[in-house]
Amino acid sequence: MARRNAGSIERQGAIEQVLAIPIETHRLIIRQFEPDDWAGMYEYASDPQVMAYIPEGQFTQAQARAFVAKNVGEHAKEFAVMLKDEGKLIGHMVFHPWFAPRTHEIGWVFHRAHQGKGHATEAALALLDYGFRVLKLHRVIATCQPENPASYRVMIKIGMRREGHFQECIYRGDDQWWDEYFYAVLEKDWFKTEGE
C-alpha cells in the first residue's frame with residue numbers, strides 16, 4: 001500500500017522509523033498535511049459533534065493553523081486523509097510512537113459528512129498493515145470514551161481487543177472527568193488473521 005520505502009532517523013539514542021507516505025487504499029490517500037490544509041481541517045475540527053470526544057474540543061482557526069503547521073514534516077504525528085477521486089480532505093489519522101519500543105498509537109477524526117462510510121476503518125487497516133509489515137511494530141494501541149461506540153466499533157473491526165477501562169482518568173475541567181477504553185492489537189495477532 002505504501003509508495004515509498006520507510007526511512008529512519010536517530011532520535012534520543014534510538015532508531016525510529018519515519019512514516020513513508022502517501023499511503024493509498026481503494027478510496028483514500030493518507031498523506032502529510034500541507035500548510036493550506038488548515039481550512040479543510042478547520043471545517044470538521046470546528047464541528048462540536050465531530051470534536052465531542054476529542055480532549056482539545058472544538059478548534060478555532062488559529063488552532064487549526066497551528067495543528068497543521070505542527071504536522072508538516074518528518075515529526076508529524078497526525079496525517080491528512082483525502083478522498084482519492086475528489087482530492088478532498090475528509091479527516092485525519094493519528095499514528096505515532098507511544099511509550100514503549102515498537103509501539104504506536106492510532107486514532108482518527110473524520111468530517112461528519114464522511115462518518116459511517118467505512119473511511120476510518122479503511123485508513124486504520126492500511127496504517128496497521130504498514131506499521132506491522134514495514135515499521136515492524138510489535139503493538140498498536142487506541143483509546144476512546146465509553147460514550148463513543150462509533151469509535152470502539154472501528155477498533156473491533158480492525159482486530160483490536162479491549163484491554164482496559166480506566167475510570168475518571170481524563171480531566172475535562174469544571175471538576176468533570178472522562179472514563180477511557182483502551183484497545184490494542186499485537187503483531188502476532190495481525191498476521192495470524194491472514195491464515196484464517
# chains A, B, ... in the order shown; residues from 1 in each chain; ligands from 1
>>> residues_around(residues="segment 132-148 of chain A", least_positions_apart="4", cutoff="7 Å", atoms="only C-alpha atoms", output="number ranges by chain")
A: 6, 17, 53, 102-107, 128, 152, 179-187
>>> write_last_selection(atoms="N, CA and C atoms", output="PDB file, in the first residue's frame")
ATOM      1  N   ALA A   6      10.252   3.006   3.862  1.00  0.00           N
ATOM      2  CA  ALA A   6      10.390   3.797   5.084  1.00  0.00           C
ATOM      3  C   ALA A   6      11.851   4.125   5.315  1.00  0.00           C
ATOM      4  N   GLN A  17      11.454   4.661  13.039  1.00  0.00           N
ATOM      5  CA  GLN A  17      11.059   4.652  11.637  1.00  0.00           C
ATOM      6  C   GLN A  17      10.256   5.907  11.315  1.00  0.00           C
ATOM      7  N   TYR A  53     -15.633  14.079  21.532  1.00  0.00           N
ATOM      8  CA  TYR A  53     -14.823  13.165  22.345  1.00  0.00           C
ATOM      9  C   TYR A  53     -13.327  13.368  22.139  1.00  0.00           C
ATOM     10  N   ARG A 102       8.749  -0.124  19.615  1.00  0.00           N
ATOM     11  CA  ARG A 102       7.950  -0.802  18.582  1.00  0.00           C
ATOM     12  C   ARG A 102       6.454  -0.760  18.906  1.00  0.00           C
ATOM     13  N   THR A 103       6.029   0.331  19.502  1.00  0.00           N
ATOM     14  CA  THR A 103       4.622   0.515  19.857  1.00  0.00           C
ATOM     15  C   THR A 103       4.159   1.862  19.309  1.00  0.00           C
ATOM     16  N   HIS A 104       2.998   1.872  18.657  1.00  0.00           N
ATOM     17  CA  HIS A 104       2.406   3.097  18.123  1.00  0.00           C
ATOM     18  C   HIS A 104       0.986   3.259  18.657  1.00  0.00           C
ATOM     19  N   GLU A 105       0.525   4.488  18.635  1.00  0.00           N
ATOM     20  CA  GLU A 105      -0.886   4.789  18.890  1.00  0.00           C
ATOM     21  C   GLU A 105      -1.549   5.139  17.566  1.00  0.00           C
ATOM     22  N   ILE A 106      -2.790   4.692  17.397  1.00  0.00           N
ATOM     23  CA  ILE A 106      -3.569   5.026  16.215  1.00  0.00           C
ATOM     24  C   ILE A 106      -4.879   5.674  16.653  1.00  0.00           C
ATOM     25  N   GLY A 107      -5.384   6.576  15.822  1.00  0.00           N
ATOM     26  CA  GLY A 107      -6.653   7.221  16.105  1.00  0.00           C
ATOM     27  C   GLY A 107      -7.172   7.907  14.853  1.00  0.00           C
ATOM     28  N   LEU A 128      -2.257   0.095  10.003  1.00  0.00           N
ATOM     29  CA  LEU A 128      -1.837  -1.076  10.770  1.00  0.00           C
ATOM     30  C   LEU A 128      -0.982  -2.004   9.912  1.00  0.00           C
ATOM     31  N   TYR A 152     -15.151   2.811  19.132  1.00  0.00           N
ATOM     32  CA  TYR A 152     -14.677   1.496  19.541  1.00  0.00           C
ATOM     33  C   TYR A 152     -15.167   0.390  18.614  1.00  0.00           C
ATOM     34  N   ASP A 179     -14.059   8.696  31.568  1.00  0.00           N
ATOM     35  CA  ASP A 179     -13.527   7.339  31.534  1.00  0.00           C
ATOM     36  C   ASP A 179     -12.866   7.117  30.174  1.00  0.00           C
ATOM     37  N   GLU A 180     -12.070   6.062  30.081  1.00  0.00           N
ATOM     38  CA  GLU A 180     -11.418   5.753  28.806  1.00  0.00           C
ATOM     39  C   GLU A 180     -11.307   4.248  28.604  1.00  0.00           C
ATOM     40  N   TYR A 181     -11.675   3.786  27.392  1.00  0.00           N
ATOM     41  CA  TYR A 181     -11.409   2.410  26.971  1.00  0.00           C
ATOM     42  C   TYR A 181     -10.032   2.364  26.319  1.00  0.00           C
ATOM     43  N   PHE A 182      -9.353   1.248  26.540  1.00  0.00           N
ATOM     44  CA  PHE A 182      -8.003   1.056  25.994  1.00  0.00           C
ATOM     45  C   PHE A 182      -8.022  -0.224  25.167  1.00  0.00           C
ATOM     46  N   TYR A 183      -7.682  -0.109  23.888  1.00  0.00           N
ATOM     47  CA  TYR A 183      -7.656  -1.234  22.953  1.00  0.00           C
ATOM     48  C   TYR A 183      -6.242  -1.432  22.426  1.00  0.00           C
ATOM     49  N   ALA A 184      -5.934  -2.647  21.939  1.00  0.00           N
ATOM     50  CA  ALA A 184      -4.624  -2.907  21.340  1.00  0.00           C
ATOM     51  C   ALA A 184      -4.703  -4.113  20.412  1.00  0.00           C
ATOM     52  N   VAL A 185      -3.730  -4.183  19.515  1.00  0.00           N
ATOM     53  CA  VAL A 185      -3.531  -5.361  18.675  1.00  0.00           C
ATOM     54  C   VAL A 185      -2.026  -5.620  18.600  1.00  0.00           C
ATOM     55  N   LEU A 186      -1.662  -6.889  18.649  1.00  0.00           N
ATOM     56  CA  LEU A 186      -0.265  -7.305  18.591  1.00  0.00           C
ATOM     57  C   LEU A 186       0.097  -7.780  17.198  1.00  0.00           C
ATOM     58  N   GLU A 187       1.368  -7.669  16.888  1.00  0.00           N
ATOM     59  CA  GLU A 187       1.888  -8.130  15.592  1.00  0.00           C
ATOM     60  C   GLU A 187       1.501  -9.580  15.324  1.00  0.00           C
TER      61      GLU A 187
END
>>> residues_around(residues="Trp108 of chain A", least_positions_apart="2", cutoff="10 Å", atoms="only C-alpha atoms", output="MDAnalysis selection string")
chainID A and resid 54 78:79 81 91:95 106 110 119:121 123:124 142 151 154
>>> residues_around(residues="Ser46 of chain A", least_positions_apart="5", cutoff="7 Å", atoms="only C-alpha atoms", output="PDB file with C-alpha atoms, in the first residue's frame")
ATOM      1  CA  GLN A  58     -13.596  22.416  19.004  1.00  0.00           C
ATOM      2  CA  PHE A  59     -10.764  24.177  17.191  1.00  0.00           C
ATOM      3  CA  THR A  60     -10.526  27.859  16.391  1.00  0.00           C
TER       4      THR A  60
END
>>> select_by_dssp(residues="chain A", states="strand (DSSP E)", output="PyMOL selection string")
chain A and resi 7-11+14-18+23-24+28-31+78-83+88-97+103-110+139-144+161-173+176-186
>>> residues_around(residues="segment 28-31 of chain A", least_positions_apart="4", cutoff="6 Å", atoms="only C-alpha atoms", output="ChimeraX atom specification")
/A:21-24,79-84
>>> write_last_selection(atoms="N, CA and C atoms", output="mmCIF file, in the first residue's frame")
data_model
loop_
_atom_site.group_PDB
_atom_site.id
_atom_site.type_symbol
_atom_site.label_atom_id
_atom_site.label_comp_id
_atom_site.auth_asym_id
_atom_site.auth_seq_id
_atom_site.Cartn_x
_atom_site.Cartn_y
_atom_site.Cartn_z
ATOM 1 N N ILE A 21 4.999 8.194 3.341
ATOM 2 C CA ILE A 21 3.685 8.402 2.782
ATOM 3 C C ILE A 21 3.832 9.179 1.486
ATOM 4 N N PRO A 22 2.844 9.226 0.624
ATOM 5 C CA PRO A 22 1.464 8.813 0.863
ATOM 6 C C PRO A 22 1.266 7.306 0.858
ATOM 7 N N ILE A 23 0.196 6.901 1.535
ATOM 8 C CA ILE A 23 -0.283 5.523 1.521
ATOM 9 C C ILE A 23 -1.656 5.553 0.861
ATOM 10 N N GLU A 24 -1.857 4.702 -0.116
ATOM 11 C CA GLU A 24 -3.128 4.676 -0.838
ATOM 12 C C GLU A 24 -3.923 3.426 -0.502
ATOM 13 N N PHE A 79 -1.974 12.696 10.261
ATOM 14 C CA PHE A 79 -1.841 12.694 8.815
ATOM 15 C C PHE A 79 -3.194 12.930 8.147
ATOM 16 N N ALA A 80 -3.170 13.716 7.080
ATOM 17 C CA ALA A 80 -4.385 14.053 6.348
ATOM 18 C C ALA A 80 -4.926 12.831 5.616
ATOM 19 N N VAL A 81 -6.251 12.715 5.567
ATOM 20 C CA VAL A 81 -6.915 11.667 4.794
ATOM 21 C C VAL A 81 -7.729 12.340 3.696
ATOM 22 N N MET A 82 -7.422 11.969 2.450
ATOM 23 C CA MET A 82 -8.060 12.556 1.280
ATOM 24 C C MET A 82 -8.910 11.512 0.571
ATOM 25 N N LEU A 83 -10.030 11.956 -0.005
ATOM 26 C CA LEU A 83 -10.763 11.104 -0.932
ATOM 27 C C LEU A 83 -9.969 11.054 -2.232
ATOM 28 N N LYS A 84 -9.601 9.855 -2.664
ATOM 29 C CA LYS A 84 -8.743 9.705 -3.831
ATOM 30 C C LYS A 84 -9.373 10.313 -5.085
#
>>> select_by_dssp(residues="segment 53-174 of chain A", states="alpha helix (DSSP H)", output="compact mmCIF listing (two decimals) with N, CA and C atoms, in the first residue's frame")
# COMPACT_ATOMS: atom_id res chain seq x y z
N GLN A 61 -9.82 28.84 14.28
CA GLN A 61 -9.00 28.90 13.07
C GLN A 61 -7.51 28.92 13.43
N ALA A 62 -7.16 29.64 14.48
CA ALA A 62 -5.76 29.70 14.89
C ALA A 62 -5.26 28.33 15.33
N GLN A 63 -6.10 27.58 16.04
CA GLN A 63 -5.70 26.23 16.47
C GLN A 63 -5.56 25.30 15.27
N ALA A 64 -6.44 25.44 14.28
CA ALA A 64 -6.34 24.61 13.07
C ALA A 64 -5.04 24.91 12.33
N ARG A 65 -4.69 26.18 12.21
CA ARG A 65 -3.43 26.55 11.55
C ARG A 65 -2.24 25.96 12.31
N ALA A 66 -2.26 26.08 13.64
CA ALA A 66 -1.16 25.57 14.45
C ALA A 66 -1.06 24.05 14.37
N PHE A 67 -2.21 23.37 14.38
CA PHE A 67 -2.24 21.91 14.27
C PHE A 67 -1.61 21.45 12.97
N VAL A 68 -2.01 22.06 11.86
CA VAL A 68 -1.47 21.67 10.56
C VAL A 68 0.03 21.98 10.51
N ALA A 69 0.44 23.15 10.97
CA ALA A 69 1.85 23.52 10.95
C ALA A 69 2.70 22.53 11.74
N LYS A 70 2.17 22.06 12.86
CA LYS A 70 2.90 21.10 13.71
C LYS A 70 3.05 19.74 13.03
N HIS A 119 -14.63 4.89 6.16
CA HIS A 119 -13.35 5.54 5.87
C HIS A 119 -12.34 5.36 7.01
N ALA A 120 -12.79 5.49 8.25
CA ALA A 120 -11.86 5.32 9.38
C ALA A 120 -11.31 3.90 9.40
N THR A 121 -12.18 2.92 9.17
CA THR A 121 -11.74 1.52 9.16
C THR A 121 -10.74 1.29 8.03
N GLU A 122 -11.03 1.80 6.85
CA GLU A 122 -10.15 1.61 5.70
C GLU A 122 -8.78 2.23 5.93
N ALA A 123 -8.76 3.45 6.44
CA ALA A 123 -7.49 4.12 6.71
C ALA A 123 -6.72 3.43 7.83
N ALA A 124 -7.43 3.03 8.88
CA ALA A 124 -6.77 2.37 10.01
C ALA A 124 -6.16 1.03 9.60
N LEU A 125 -6.87 0.25 8.80
CA LEU A 125 -6.33 -1.03 8.33
C LEU A 125 -5.06 -0.82 7.52
N ALA A 126 -5.05 0.21 6.69
CA ALA A 126 -3.86 0.50 5.88
C ALA A 126 -2.67 0.87 6.76
N LEU A 127 -2.91 1.69 7.79
CA LEU A 127 -1.81 2.09 8.67
C LEU A 127 -1.34 0.93 9.53
N LEU A 128 -2.26 0.09 10.00
CA LEU A 128 -1.84 -1.08 10.77
C LEU A 128 -0.98 -2.00 9.91
N ASP A 129 -1.42 -2.26 8.69
CA ASP A 129 -0.66 -3.14 7.82
C ASP A 129 0.73 -2.57 7.55
N TYR A 130 0.79 -1.27 7.29
CA TYR A 130 2.07 -0.61 7.08
C TYR A 130 2.93 -0.70 8.36
N GLY A 131 2.31 -0.45 9.50
CA GLY A 131 3.05 -0.48 10.74
C GLY A 131 3.65 -1.84 11.04
N PHE A 132 2.87 -2.90 10.86
CA PHE A 132 3.38 -4.24 11.18
C PHE A 132 4.33 -4.77 10.11
N ARG A 133 4.08 -4.48 8.85
CA ARG A 133 4.93 -5.01 7.78
C ARG A 133 6.20 -4.21 7.56
N PRO A 149 -19.41 4.82 20.95
CA PRO A 149 -19.41 3.47 20.36
C PRO A 149 -18.94 3.43 18.92
N ALA A 150 -19.15 4.51 18.16
CA ALA A 150 -18.69 4.51 16.76
C ALA A 150 -17.19 4.30 16.70
N SER A 151 -16.46 4.88 17.64
CA SER A 151 -15.00 4.74 17.64
C SER A 151 -14.57 3.34 18.06
N TYR A 152 -15.15 2.81 19.13
CA TYR A 152 -14.68 1.50 19.54
C TYR A 152 -15.17 0.39 18.61
N ARG A 153 -16.22 0.65 17.84
CA ARG A 153 -16.61 -0.34 16.82
C ARG A 153 -15.54 -0.43 15.74
N VAL A 154 -14.94 0.71 15.39
CA VAL A 154 -13.83 0.68 14.42
C VAL A 154 -12.67 -0.13 15.01
N MET A 155 -12.37 0.07 16.27
CA MET A 155 -11.27 -0.68 16.90
C MET A 155 -11.52 -2.18 16.83
N ILE A 156 -12.75 -2.59 17.05
CA ILE A 156 -13.08 -4.01 16.97
C ILE A 156 -12.96 -4.50 15.53
N LYS A 157 -13.44 -3.71 14.57
CA LYS A 157 -13.38 -4.11 13.16
C LYS A 157 -11.95 -4.30 12.67
>>> decode(residues="segment 38-148 of chain A", atoms="C-alpha atoms", output="PDB file, in the first residue's frame")
ATOM      1  CA  TRP A  38      -5.773  24.162   7.691  1.00  0.00           C
ATOM      2  CA  ALA A  39      -9.066  25.460   6.224  1.00  0.00           C
ATOM      3  CA  GLY A  40     -10.291  21.961   5.362  1.00  0.00           C
ATOM      4  CA  MET A  41      -9.202  20.710   8.756  1.00  0.00           C
ATOM      5  CA  TYR A  42     -10.976  23.625  10.456  1.00  0.00           C
ATOM      6  CA  GLU A  43     -14.197  22.729   8.621  1.00  0.00           C
ATOM      7  CA  TYR A  44     -14.543  19.484  10.589  1.00  0.00           C
ATOM      8  CA  ALA A  45     -12.490  20.367  13.686  1.00  0.00           C
ATOM      9  CA  SER A  46     -14.813  23.297  14.466  1.00  0.00           C
ATOM     10  CA  ASP A  47     -17.851  20.980  14.473  1.00  0.00           C
ATOM     11  CA  PRO A  48     -18.936  20.301  18.083  1.00  0.00           C
ATOM     12  CA  GLN A  49     -20.311  16.862  17.158  1.00  0.00           C
ATOM     13  CA  VAL A  50     -17.080  15.773  15.464  1.00  0.00           C
ATOM     14  CA  MET A  51     -14.937  17.003  18.351  1.00  0.00           C
ATOM     15  CA  ALA A  52     -17.222  15.915  21.211  1.00  0.00           C
ATOM     16  CA  TYR A  53     -14.823  13.165  22.345  1.00  0.00           C
ATOM     17  CA  ILE A  54     -11.539  14.854  21.410  1.00  0.00           C
ATOM     18  CA  PRO A  55      -9.840  16.225  24.553  1.00  0.00           C
ATOM     19  CA  GLU A  56      -8.965  19.550  22.869  1.00  0.00           C
ATOM     20  CA  GLY A  57     -12.592  20.172  21.900  1.00  0.00           C
ATOM     21  CA  GLN A  58     -13.596  22.416  19.004  1.00  0.00           C
ATOM     22  CA  PHE A  59     -10.764  24.177  17.191  1.00  0.00           C
ATOM     23  CA  THR A  60     -10.526  27.859  16.391  1.00  0.00           C
ATOM     24  CA  GLN A  61      -8.999  28.902  13.073  1.00  0.00           C
ATOM     25  CA  ALA A  62      -5.759  29.703  14.894  1.00  0.00           C
ATOM     26  CA  GLN A  63      -5.700  26.234  16.468  1.00  0.00           C
ATOM     27  CA  ALA A  64      -6.336  24.608  13.072  1.00  0.00           C
ATOM     28  CA  ARG A  65      -3.430  26.552  11.554  1.00  0.00           C
ATOM     29  CA  ALA A  66      -1.157  25.570  14.448  1.00  0.00           C
ATOM     30  CA  PHE A  67      -2.239  21.910  14.270  1.00  0.00           C
ATOM     31  CA  VAL A  68      -1.465  21.671  10.560  1.00  0.00           C
ATOM     32  CA  ALA A  69       1.852  23.519  10.945  1.00  0.00           C
ATOM     33  CA  LYS A  70       2.898  21.105  13.709  1.00  0.00           C
ATOM     34  CA  ASN A  71       2.148  18.108  11.482  1.00  0.00           C
ATOM     35  CA  VAL A  72       4.093  19.196   8.405  1.00  0.00           C
ATOM     36  CA  GLY A  73       7.418  17.394   8.008  1.00  0.00           C
ATOM     37  CA  GLU A  74       9.189  14.391   9.468  1.00  0.00           C
ATOM     38  CA  HIS A  75       7.987  14.940  13.045  1.00  0.00           C
ATOM     39  CA  ALA A  76       4.297  14.666  12.111  1.00  0.00           C
ATOM     40  CA  LYS A  77       2.087  12.553  14.350  1.00  0.00           C
ATOM     41  CA  GLU A  78      -1.186  13.126  12.524  1.00  0.00           C
ATOM     42  CA  PHE A  79      -1.841  12.694   8.815  1.00  0.00           C
ATOM     43  CA  ALA A  80      -4.385  14.053   6.348  1.00  0.00           C
ATOM     44  CA  VAL A  81      -6.915  11.667   4.794  1.00  0.00           C
ATOM     45  CA  MET A  82      -8.060  12.556   1.280  1.00  0.00           C
ATOM     46  CA  LEU A  83     -10.763  11.104  -0.932  1.00  0.00           C
ATOM     47  CA  LYS A  84      -8.743   9.705  -3.831  1.00  0.00           C
ATOM     48  CA  ASP A  85     -11.285  10.506  -6.558  1.00  0.00           C
ATOM     49  CA  GLU A  86     -12.102  14.024  -5.386  1.00  0.00           C
ATOM     50  CA  GLY A  87      -8.858  15.160  -3.766  1.00  0.00           C
ATOM     51  CA  LYS A  88     -10.906  16.369  -0.785  1.00  0.00           C
ATOM     52  CA  LEU A  89      -9.633  16.434   2.799  1.00  0.00           C
ATOM     53  CA  ILE A  90     -12.153  14.486   4.897  1.00  0.00           C
ATOM     54  CA  GLY A  91     -10.302  13.888   8.165  1.00  0.00           C
ATOM     55  CA  HIS A  92      -7.033  12.841   9.718  1.00  0.00           C
ATOM     56  CA  MET A  93      -5.358   9.841  11.292  1.00  0.00           C
ATOM     57  CA  VAL A  94      -3.241   9.768  14.415  1.00  0.00           C
ATOM     58  CA  PHE A  95      -0.246   7.407  14.041  1.00  0.00           C
ATOM     59  CA  HIS A  96       2.878   7.879  16.128  1.00  0.00           C
ATOM     60  CA  PRO A  97       5.235   6.174  18.574  1.00  0.00           C
ATOM     61  CA  TRP A  98       3.772   5.508  22.007  1.00  0.00           C
ATOM     62  CA  PHE A  99       5.650   4.984  25.302  1.00  0.00           C
ATOM     63  CA  ALA A 100       7.360   1.653  24.534  1.00  0.00           C
ATOM     64  CA  PRO A 101       9.667   0.310  21.816  1.00  0.00           C
ATOM     65  CA  ARG A 102       7.950  -0.802  18.582  1.00  0.00           C
ATOM     66  CA  THR A 103       4.622   0.515  19.857  1.00  0.00           C
ATOM     67  CA  HIS A 104       2.406   3.097  18.123  1.00  0.00           C
ATOM     68  CA  GLU A 105      -0.886   4.789  18.890  1.00  0.00           C
ATOM     69  CA  ILE A 106      -3.569   5.026  16.215  1.00  0.00           C
ATOM     70  CA  GLY A 107      -6.653   7.221  16.105  1.00  0.00           C
ATOM     71  CA  TRP A 108      -8.988   9.055  13.725  1.00  0.00           C
ATOM     72  CA  VAL A 109     -11.124  12.171  13.315  1.00  0.00           C
ATOM     73  CA  PHE A 110     -13.449  12.500  10.308  1.00  0.00           C
ATOM     74  CA  HIS A 111     -15.761  15.146   8.906  1.00  0.00           C
ATOM     75  CA  ARG A 112     -19.344  14.442   9.928  1.00  0.00           C
ATOM     76  CA  ALA A 113     -20.415  14.036   6.285  1.00  0.00           C
ATOM     77  CA  HIS A 114     -17.870  11.231   5.879  1.00  0.00           C
ATOM     78  CA  GLN A 115     -18.591   9.270   9.052  1.00  0.00           C
ATOM     79  CA  GLY A 116     -20.345   5.915   8.898  1.00  0.00           C
ATOM     80  CA  LYS A 117     -18.936   5.122   5.450  1.00  0.00           C
ATOM     81  CA  GLY A 118     -16.036   2.919   6.478  1.00  0.00           C
ATOM     82  CA  HIS A 119     -13.354   5.539   5.875  1.00  0.00           C
ATOM     83  CA  ALA A 120     -11.858   5.324   9.376  1.00  0.00           C
ATOM     84  CA  THR A 121     -11.739   1.525   9.156  1.00  0.00           C
ATOM     85  CA  GLU A 122     -10.146   1.608   5.699  1.00  0.00           C
ATOM     86  CA  ALA A 123      -7.490   4.124   6.708  1.00  0.00           C
ATOM     87  CA  ALA A 124      -6.768   2.370  10.008  1.00  0.00           C
ATOM     88  CA  LEU A 125      -6.333  -1.032   8.335  1.00  0.00           C
ATOM     89  CA  ALA A 126      -3.860   0.497   5.880  1.00  0.00           C
ATOM     90  CA  LEU A 127      -1.812   2.092   8.672  1.00  0.00           C
ATOM     91  CA  LEU A 128      -1.837  -1.076  10.770  1.00  0.00           C
ATOM     92  CA  ASP A 129      -0.663  -3.137   7.817  1.00  0.00           C
ATOM     93  CA  TYR A 130       2.073  -0.605   7.083  1.00  0.00           C
ATOM     94  CA  GLY A 131       3.055  -0.484  10.745  1.00  0.00           C
ATOM     95  CA  PHE A 132       3.375  -4.236  11.184  1.00  0.00           C
ATOM     96  CA  ARG A 133       4.927  -5.012   7.781  1.00  0.00           C
ATOM     97  CA  VAL A 134       7.220  -2.044   7.181  1.00  0.00           C
ATOM     98  CA  LEU A 135       7.869  -0.475  10.577  1.00  0.00           C
ATOM     99  CA  LYS A 136       7.988  -3.936  12.214  1.00  0.00           C
ATOM    100  CA  LEU A 137       5.831  -2.775  15.104  1.00  0.00           C
ATOM    101  CA  HIS A 138       5.080  -5.144  17.963  1.00  0.00           C
ATOM    102  CA  ARG A 139       1.917  -3.448  19.222  1.00  0.00           C
ATOM    103  CA  VAL A 140      -0.549  -0.713  18.279  1.00  0.00           C
ATOM    104  CA  ILE A 141      -2.921   0.865  20.810  1.00  0.00           C
ATOM    105  CA  ALA A 142      -6.021   3.060  20.600  1.00  0.00           C
ATOM    106  CA  THR A 143      -8.256   4.774  23.148  1.00  0.00           C
ATOM    107  CA  CYS A 144     -11.757   6.237  23.254  1.00  0.00           C
ATOM    108  CA  GLN A 145     -14.526   7.129  25.655  1.00  0.00           C
ATOM    109  CA  PRO A 146     -17.200   4.529  26.525  1.00  0.00           C
ATOM    110  CA  GLU A 147     -19.813   7.016  25.293  1.00  0.00           C
ATOM    111  CA  ASN A 148     -18.308   6.855  21.780  1.00  0.00           C
TER     112      ASN A 148
END
